[in-house]
Amino acid sequence: MSKKQVLVTGACGEIGQALIQGLAQRGGYHIVTSDLAPLPKSIQPYVSEHFQGDMLNKTKLFYDYDFEVIYHLAAFLSSKAESMPEEAHKVNVEGTMQLLLLAAYKSEKKSRAVQFFFPSSIAAHGLPDAKTKTAVGCIKEDEWLRPHTMYGANKLYCEDLGNYFSRYYGQRHLEPEPPVMLDFRALRFPGLVSAFTLPSGGTSDYGPEMLHAAAQGKAYACFVRADASLPFMAMPDAVKSIFMLMDAPRPAISQSVYNVSAFSQTAAEFRQRALQAFPGAQISFEPNLLRQGIVDSWPADVDDALARRDWGWQPDYDVDRFFEVYFLPEIRKRYGK
Ligand code: SER
């Protein structure tokens, strides 16, 4: 049987590395990747071709391939995007636009819908302040869509672009025989935590940074207040949710963007867990105004009832299982603690 050609952009990022391992485990894929960085050794054996460099200059090369699935993960994360908004917009929005055009063209030409996965984020939401955030608690996909960050605005707009290209591109759906359009699917991820990699440039990074520091016996100054609360998810659950969403038959998909959630934690609760696991861990709180402001604008919890209803979403890791079954055993192996 011929292999499914897939493209993974941002392959060297946290989701990229975990996703490529997941694809390799499933088998049957011809994996092409792109990233600014060279591929880490751990995923090199699974990748057929890697394009290193700025994705905006690479997209035209991808017209030579017939990708059945595009996982477009390349992006500037939220804190980095805030320090370089114009650059971030280029990468986050123009990069997505180029790939959507490619997928739209190939879908029509081959009369087969290219599947397009886009990782969106809780950053697409924007709550006015911490008080409102506490008062509203858990929010649905269509609530509080006024992001405070460049990254969040980019994600929200790209969700709309994806929806446009998969349903209304050129208003071609009104033609007597509309062309085959691409099949865009997005997940709004909470803060993701991997035992194997560390994020950089994000705002939810204090969660994973704190845990990795504690595991290595390094002191950590948390850049948000102890009461800062966000939804988080174990990386294996993020990969599981991507596969579940992409495997779902198209008629089961009632919308192009879904919330997914696993557990919410305050920074103080993370610290408590880290101290239990690594007694003597030195974790202090030194809030950074800008990053605290971003966290205050993101929801403390998201309602993922639609994902549960439409394609049976359920995380494997609640907070206890996250620590006991996934994170601590892996991290102890990794750092030899
Ligand atoms: N984890 C991301 C960030 O902090 C949000 O999607 O930027």
# chains A, B, ... in the order shown; residues from 1 in each chain; ligands from 1
call {"tool": "residues_near_ligand", "arguments": {"ligand": "ligand 1", "cutoff": "8 Å", "atoms": "only C-alpha atoms and all ligand atoms", "output": "list in words"}}
result
Phe76, Leu77, Ser78, Ser79, Ser120, Ser121, Ile122, Ala123, Tyr151, Arg188, Phe189, Pro190, Gly191, Leu192, Pro199, Gly201, Gly202, Thr203, Ser204 and Asp205 of chain A
call {"tool": "select_by_dssp", "arguments": {"residues": "segment 61-192 of chain A", "states": "strand (DSSP E or B)", "output": "PyMOL selection string"}}
result
chain A and resi 69-72+115-121+138-139+183-189+191-192
call {"tool": "write_last_selection", "arguments": {"atoms": "N, CA and C atoms", "output": "PDB file, in the first residue's frame"}}
result
ATOM      1  N   VAL A  69      -2.315  15.239   4.076  1.00  0.00           N
ATOM      2  CA  VAL A  69      -2.560  15.939   5.344  1.00  0.00           C
ATOM      3  C   VAL A  69      -1.447  16.957   5.569  1.00  0.00           C
ATOM      4  N   ILE A  70      -1.837  18.150   6.003  1.00  0.00           N
ATOM      5  CA  ILE A  70      -0.853  19.166   6.398  1.00  0.00           C
ATOM      6  C   ILE A  70      -1.086  19.487   7.873  1.00  0.00           C
ATOM      7  N   TYR A  71      -0.054  19.298   8.663  1.00  0.00           N
ATOM      8  CA  TYR A  71      -0.096  19.709  10.075  1.00  0.00           C
ATOM      9  C   TYR A  71       0.729  20.988  10.140  1.00  0.00           C
ATOM     10  N   HIS A  72       0.046  22.108  10.210  1.00  0.00           N
ATOM     11  CA  HIS A  72       0.776  23.385  10.154  1.00  0.00           C
ATOM     12  C   HIS A  72       1.010  23.916  11.570  1.00  0.00           C
ATOM     13  N   GLN A 115      -6.530  17.386   4.042  1.00  0.00           N
ATOM     14  CA  GLN A 115      -6.835  17.677   5.448  1.00  0.00           C
ATOM     15  C   GLN A 115      -5.801  18.654   5.985  1.00  0.00           C
ATOM     16  N   PHE A 116      -6.260  19.645   6.721  1.00  0.00           N
ATOM     17  CA  PHE A 116      -5.374  20.702   7.216  1.00  0.00           C
ATOM     18  C   PHE A 116      -5.583  20.811   8.715  1.00  0.00           C
ATOM     19  N   PHE A 117      -4.542  20.500   9.495  1.00  0.00           N
ATOM     20  CA  PHE A 117      -4.668  20.649  10.951  1.00  0.00           C
ATOM     21  C   PHE A 117      -3.985  21.931  11.402  1.00  0.00           C
ATOM     22  N   PHE A 118      -4.705  22.697  12.226  1.00  0.00           N
ATOM     23  CA  PHE A 118      -4.166  23.955  12.745  1.00  0.00           C
ATOM     24  C   PHE A 118      -4.277  23.970  14.264  1.00  0.00           C
ATOM     25  N   PRO A 119      -3.126  24.122  14.960  1.00  0.00           N
ATOM     26  CA  PRO A 119      -3.198  24.201  16.420  1.00  0.00           C
ATOM     27  C   PRO A 119      -3.528  25.621  16.846  1.00  0.00           C
ATOM     28  N   SER A 120      -4.765  25.827  17.272  1.00  0.00           N
ATOM     29  CA  SER A 120      -5.108  27.126  17.827  1.00  0.00           C
ATOM     30  C   SER A 120      -4.877  27.068  19.335  1.00  0.00           C
ATOM     31  N   SER A 121      -5.418  28.010  20.057  1.00  0.00           N
ATOM     32  CA  SER A 121      -4.979  28.167  21.435  1.00  0.00           C
ATOM     33  C   SER A 121      -6.025  28.873  22.288  1.00  0.00           C
ATOM     34  N   CYS A 138     -15.317  28.664  33.319  1.00  0.00           N
ATOM     35  CA  CYS A 138     -15.132  27.817  32.132  1.00  0.00           C
ATOM     36  C   CYS A 138     -15.855  28.425  30.927  1.00  0.00           C
ATOM     37  N   ILE A 139     -15.157  28.528  29.776  1.00  0.00           N
ATOM     38  CA  ILE A 139     -15.819  29.196  28.641  1.00  0.00           C
ATOM     39  C   ILE A 139     -15.879  28.307  27.388  1.00  0.00           C
ATOM     40  N   ASP A 183     -10.142  20.489   3.869  1.00  0.00           N
ATOM     41  CA  ASP A 183     -10.846  20.062   5.082  1.00  0.00           C
ATOM     42  C   ASP A 183     -10.052  20.572   6.294  1.00  0.00           C
ATOM     43  N   PHE A 184     -10.432  21.759   6.768  1.00  0.00           N
ATOM     44  CA  PHE A 184      -9.685  22.440   7.834  1.00  0.00           C
ATOM     45  C   PHE A 184     -10.237  22.060   9.200  1.00  0.00           C
ATOM     46  N   ARG A 185      -9.337  21.676  10.099  1.00  0.00           N
ATOM     47  CA  ARG A 185      -9.755  21.315  11.463  1.00  0.00           C
ATOM     48  C   ARG A 185      -8.767  21.912  12.478  1.00  0.00           C
ATOM     49  N   ALA A 186      -9.295  22.539  13.499  1.00  0.00           N
ATOM     50  CA  ALA A 186      -8.410  23.191  14.485  1.00  0.00           C
ATOM     51  C   ALA A 186      -8.804  22.822  15.904  1.00  0.00           C
ATOM     52  N   LEU A 187      -7.800  22.776  16.766  1.00  0.00           N
ATOM     53  CA  LEU A 187      -8.024  22.574  18.200  1.00  0.00           C
ATOM     54  C   LEU A 187      -7.495  23.781  18.951  1.00  0.00           C
ATOM     55  N   ARG A 188      -8.260  24.244  19.913  1.00  0.00           N
ATOM     56  CA  ARG A 188      -7.722  25.299  20.800  1.00  0.00           C
ATOM     57  C   ARG A 188      -7.073  24.602  21.987  1.00  0.00           C
ATOM     58  N   PHE A 189      -5.745  24.552  21.943  1.00  0.00           N
ATOM     59  CA  PHE A 189      -5.025  23.858  23.003  1.00  0.00           C
ATOM     60  C   PHE A 189      -4.864  24.728  24.240  1.00  0.00           C
ATOM     61  N   GLY A 191      -2.326  25.141  27.787  1.00  0.00           N
ATOM     62  CA  GLY A 191      -0.876  25.051  27.923  1.00  0.00           C
ATOM     63  C   GLY A 191      -0.465  23.582  27.878  1.00  0.00           C
ATOM     64  N   LEU A 192       0.475  23.253  27.021  1.00  0.00           N
ATOM     65  CA  LEU A 192       0.885  21.851  26.876  1.00  0.00           C
ATOM     66  C   LEU A 192       2.156  21.603  27.683  1.00  0.00           C
TER      67      LEU A 192
END
call {"tool": "residues_around", "arguments": {"residues": "Asn288 of chain A", "least_positions_apart": "3", "cutoff": "10 Å", "atoms": "only C-alpha atoms", "output": "list in words"}}
result
Cys222, Phe223, Val224, Arg225, Phe285, Arg291, Gln292 and Gly293 of chain A
call {"tool": "residues_around", "arguments": {"residues": "segment 35-47 of chain A", "least_positions_apart": "3", "cutoff": "8 Å", "atoms": "only C-alpha atoms", "output": "list in words"}}
result
Thr9, Gly10, Ala11, Cys12, Gln17, Ile20, Gln21, Ala24, His30, Ile31, Val32, His50, Phe51, Gln52, Gly53, Asp54, Met55 and Ala74 of chain A
call {"tool": "select_by_dssp", "arguments": {"residues": "segment 90-329 of chain A", "states": "helix (DSSP H, G or I)", "output": "count of residues only"}}
result
119
call {"tool": "residues_around", "arguments": {"residues": "Lys218 of chain A", "least_positions_apart": "3", "cutoff": "12 Å", "atoms": "only C-alpha atoms", "output": "list in words"}}
result
Glu209, Met210, Leu211, His212, Ala213, Ala214, Ala215, Ala221, Ala274, Phe278, Gly280, Ala281, Gln282, Ile283, Ser284 and Tyr335 of chain A
call {"tool": "closest_residue", "arguments": {"among": "A:Ser2, A:Leu306, A:Tyr164, A:Tyr29", "to": "Asp142 of chain A", "atoms": "only C-alpha atoms"}}
result
A:Leu306
call {"tool": "closest_residue", "arguments": {"among": "A:Glu159, A:Asp237, A:Glu87, A:Glu68", "to": "Gly22 of chain A", "atoms": "only C-alpha atoms"}}
result
A:Asp237
call {"tool": "closest_residue", "arguments": {"among": "A:Glu82, A:Glu286, A:Asp247, A:Asp318", "to": "Ala153 of chain A", "atoms": "only C-alpha atoms"}}
result
A:Glu82
call {"tool": "atom_distance", "arguments": {"atom1": "atom CA of Ser48 of chain A", "atom2": "atom CA of Val239 of chain A"}}
result
20.4 Å
call {"tool": "closest_residue", "arguments": {"among": "A:Val180, A:Val6, A:Leu290, A:Leu230", "to": "His148 of chain A", "atoms": "only C-alpha atoms"}}
result
A:Leu290
call {"tool": "residues_around", "arguments": {"residues": "Tyr317 of chain A", "least_positions_apart": "5", "cutoff": "7 Å", "atoms": "only C-alpha atoms", "output": "list in words"}}
result
Ala234, Ala262 and Phe322 of chain A
call {"tool": "atom_distance", "arguments": {"atom1": "atom CA of Arg271 of chain A", "atom2": "atom CA of His125 of chain A"}}
result
25.9 Å
call {"tool": "decode", "arguments": {"residues": "segment 84-109 of chain A", "atoms": "N, CA, C and O atoms", "output": "PDB file, in the first residue's frame"}}
result
ATOM      1  N   MET A  84       7.945  40.881  19.113  1.00  0.00           N
ATOM      2  CA  MET A  84       8.217  41.091  17.682  1.00  0.00           C
ATOM      3  C   MET A  84       6.901  40.934  16.911  1.00  0.00           C
ATOM      4  O   MET A  84       6.743  39.989  16.130  1.00  0.00           O
ATOM      5  N   PRO A  85       5.956  41.861  17.127  1.00  0.00           N
ATOM      6  CA  PRO A  85       4.609  41.650  16.573  1.00  0.00           C
ATOM      7  C   PRO A  85       4.568  41.543  15.042  1.00  0.00           C
ATOM      8  O   PRO A  85       3.814  40.739  14.504  1.00  0.00           O
ATOM      9  N   GLU A  86       5.388  42.350  14.368  1.00  0.00           N
ATOM     10  CA  GLU A  86       5.314  42.358  12.904  1.00  0.00           C
ATOM     11  C   GLU A  86       5.846  41.038  12.333  1.00  0.00           C
ATOM     12  O   GLU A  86       5.236  40.434  11.443  1.00  0.00           O
ATOM     13  N   GLU A  87       6.973  40.599  12.881  1.00  0.00           N
ATOM     14  CA  GLU A  87       7.555  39.313  12.477  1.00  0.00           C
ATOM     15  C   GLU A  87       6.577  38.172  12.761  1.00  0.00           C
ATOM     16  O   GLU A  87       6.402  37.256  11.952  1.00  0.00           O
ATOM     17  N   ALA A  88       5.975  38.244  13.943  1.00  0.00           N
ATOM     18  CA  ALA A  88       5.042  37.193  14.360  1.00  0.00           C
ATOM     19  C   ALA A  88       3.865  37.116  13.392  1.00  0.00           C
ATOM     20  O   ALA A  88       3.438  36.037  12.986  1.00  0.00           O
ATOM     21  N   HIS A  89       3.361  38.284  13.009  1.00  0.00           N
ATOM     22  CA  HIS A  89       2.233  38.305  12.084  1.00  0.00           C
ATOM     23  C   HIS A  89       2.617  37.644  10.762  1.00  0.00           C
ATOM     24  O   HIS A  89       1.847  36.873  10.184  1.00  0.00           O
ATOM     25  N   LYS A  90       3.828  37.939  10.316  1.00  0.00           N
ATOM     26  CA  LYS A  90       4.305  37.349   9.057  1.00  0.00           C
ATOM     27  C   LYS A  90       4.295  35.823   9.136  1.00  0.00           C
ATOM     28  O   LYS A  90       3.749  35.136   8.282  1.00  0.00           O
ATOM     29  N   VAL A  91       4.927  35.319  10.184  1.00  0.00           N
ATOM     30  CA  VAL A  91       5.051  33.865  10.311  1.00  0.00           C
ATOM     31  C   VAL A  91       3.679  33.240  10.592  1.00  0.00           C
ATOM     32  O   VAL A  91       3.264  32.269   9.940  1.00  0.00           O
ATOM     33  N   ASN A  92       2.976  33.808  11.562  1.00  0.00           N
ATOM     34  CA  ASN A  92       1.743  33.163  12.035  1.00  0.00           C
ATOM     35  C   ASN A  92       0.591  33.277  11.037  1.00  0.00           C
ATOM     36  O   ASN A  92      -0.200  32.350  10.888  1.00  0.00           O
ATOM     37  N   VAL A  93       0.513  34.423  10.360  1.00  0.00           N
ATOM     38  CA  VAL A  93      -0.631  34.610   9.454  1.00  0.00           C
ATOM     39  C   VAL A  93      -0.252  34.328   7.995  1.00  0.00           C
ATOM     40  O   VAL A  93      -0.891  33.509   7.330  1.00  0.00           O
ATOM     41  N   GLU A  94       0.796  34.997   7.510  1.00  0.00           N
ATOM     42  CA  GLU A  94       1.145  34.795   6.089  1.00  0.00           C
ATOM     43  C   GLU A  94       1.561  33.354   5.826  1.00  0.00           C
ATOM     44  O   GLU A  94       1.240  32.783   4.777  1.00  0.00           O
ATOM     45  N   GLY A  95       2.278  32.759   6.780  1.00  0.00           N
ATOM     46  CA  GLY A  95       2.686  31.353   6.626  1.00  0.00           C
ATOM     47  C   GLY A  95       1.465  30.448   6.483  1.00  0.00           C
ATOM     48  O   GLY A  95       1.417  29.556   5.631  1.00  0.00           O
ATOM     49  N   THR A  96       0.466  30.710   7.303  1.00  0.00           N
ATOM     50  CA  THR A  96      -0.759  29.904   7.254  1.00  0.00           C
ATOM     51  C   THR A  96      -1.495  30.126   5.931  1.00  0.00           C
ATOM     52  O   THR A  96      -1.958  29.177   5.286  1.00  0.00           O
ATOM     53  N   MET A  97      -1.557  31.384   5.516  1.00  0.00           N
ATOM     54  CA  MET A  97      -2.244  31.727   4.259  1.00  0.00           C
ATOM     55  C   MET A  97      -1.611  30.991   3.070  1.00  0.00           C
ATOM     56  O   MET A  97      -2.316  30.427   2.222  1.00  0.00           O
ATOM     57  N   GLN A  98      -0.281  30.972   3.027  1.00  0.00           N
ATOM     58  CA  GLN A  98       0.417  30.313   1.917  1.00  0.00           C
ATOM     59  C   GLN A  98       0.062  28.828   1.859  1.00  0.00           C
ATOM     60  O   GLN A  98      -0.181  28.269   0.793  1.00  0.00           O
ATOM     61  N   LEU A  99       0.033  28.198   3.024  1.00  0.00           N
ATOM     62  CA  LEU A  99      -0.255  26.758   3.049  1.00  0.00           C
ATOM     63  C   LEU A  99      -1.726  26.463   2.767  1.00  0.00           C
ATOM     64  O   LEU A  99      -2.056  25.439   2.154  1.00  0.00           O
ATOM     65  N   LEU A 100      -2.604  27.365   3.191  1.00  0.00           N
ATOM     66  CA  LEU A 100      -4.027  27.177   2.877  1.00  0.00           C
ATOM     67  C   LEU A 100      -4.241  27.279   1.367  1.00  0.00           C
ATOM     68  O   LEU A 100      -5.016  26.509   0.779  1.00  0.00           O
ATOM     69  N   LEU A 101      -3.538  28.209   0.722  1.00  0.00           N
ATOM     70  CA  LEU A 101      -3.646  28.339  -0.744  1.00  0.00           C
ATOM     71  C   LEU A 101      -3.172  27.061  -1.427  1.00  0.00           C
ATOM     72  O   LEU A 101      -3.803  26.585  -2.380  1.00  0.00           O
ATOM     73  N   LEU A 102      -2.067  26.520  -0.926  1.00  0.00           N
ATOM     74  CA  LEU A 102      -1.551  25.264  -1.482  1.00  0.00           C
ATOM     75  C   LEU A 102      -2.584  24.136  -1.322  1.00  0.00           C
ATOM     76  O   LEU A 102      -2.899  23.408  -2.276  1.00  0.00           O
ATOM     77  N   ALA A 103      -3.127  24.015  -0.110  1.00  0.00           N
ATOM     78  CA  ALA A 103      -4.092  22.945   0.164  1.00  0.00           C
ATOM     79  C   ALA A 103      -5.367  23.126  -0.659  1.00  0.00           C
ATOM     80  O   ALA A 103      -5.950  22.152  -1.156  1.00  0.00           O
ATOM     81  N   ALA A 104      -5.780  24.376  -0.837  1.00  0.00           N
ATOM     82  CA  ALA A 104      -6.993  24.648  -1.633  1.00  0.00           C
ATOM     83  C   ALA A 104      -6.760  24.249  -3.086  1.00  0.00           C
ATOM     84  O   ALA A 104      -7.603  23.594  -3.712  1.00  0.00           O
ATOM     85  N   TYR A 105      -5.608  24.620  -3.611  1.00  0.00           N
ATOM     86  CA  TYR A 105      -5.265  24.310  -5.009  1.00  0.00           C
ATOM     87  C   TYR A 105      -5.211  22.802  -5.233  1.00  0.00           C
ATOM     88  O   TYR A 105      -5.783  22.270  -6.183  1.00  0.00           O
ATOM     89  N   LYS A 106      -4.528  22.096  -4.319  1.00  0.00           N
ATOM     90  CA  LYS A 106      -4.373  20.641  -4.479  1.00  0.00           C
ATOM     91  C   LYS A 106      -5.716  19.918  -4.301  1.00  0.00           C
ATOM     92  O   LYS A 106      -5.976  18.916  -4.958  1.00  0.00           O
ATOM     93  N   SER A 107      -6.539  20.412  -3.400  1.00  0.00           N
ATOM     94  CA  SER A 107      -7.847  19.770  -3.173  1.00  0.00           C
ATOM     95  C   SER A 107      -8.670  19.814  -4.452  1.00  0.00           C
ATOM     96  O   SER A 107      -9.275  18.824  -4.874  1.00  0.00           O
ATOM     97  N   GLU A 108      -8.676  20.983  -5.088  1.00  0.00           N
ATOM     98  CA  GLU A 108      -9.466  21.135  -6.318  1.00  0.00           C
ATOM     99  C   GLU A 108      -8.858  20.311  -7.450  1.00  0.00           C
ATOM    100  O   GLU A 108      -9.549  19.579  -8.152  1.00  0.00           O
ATOM    101  N   LYS A 109      -7.522  20.420  -7.585  1.00  0.00           N
ATOM    102  CA  LYS A 109      -6.848  19.769  -8.711  1.00  0.00           C
ATOM    103  C   LYS A 109      -6.989  18.240  -8.650  1.00  0.00           C
ATOM    104  O   LYS A 109      -7.229  17.591  -9.666  1.00  0.00           O
TER     105      LYS A 109
END
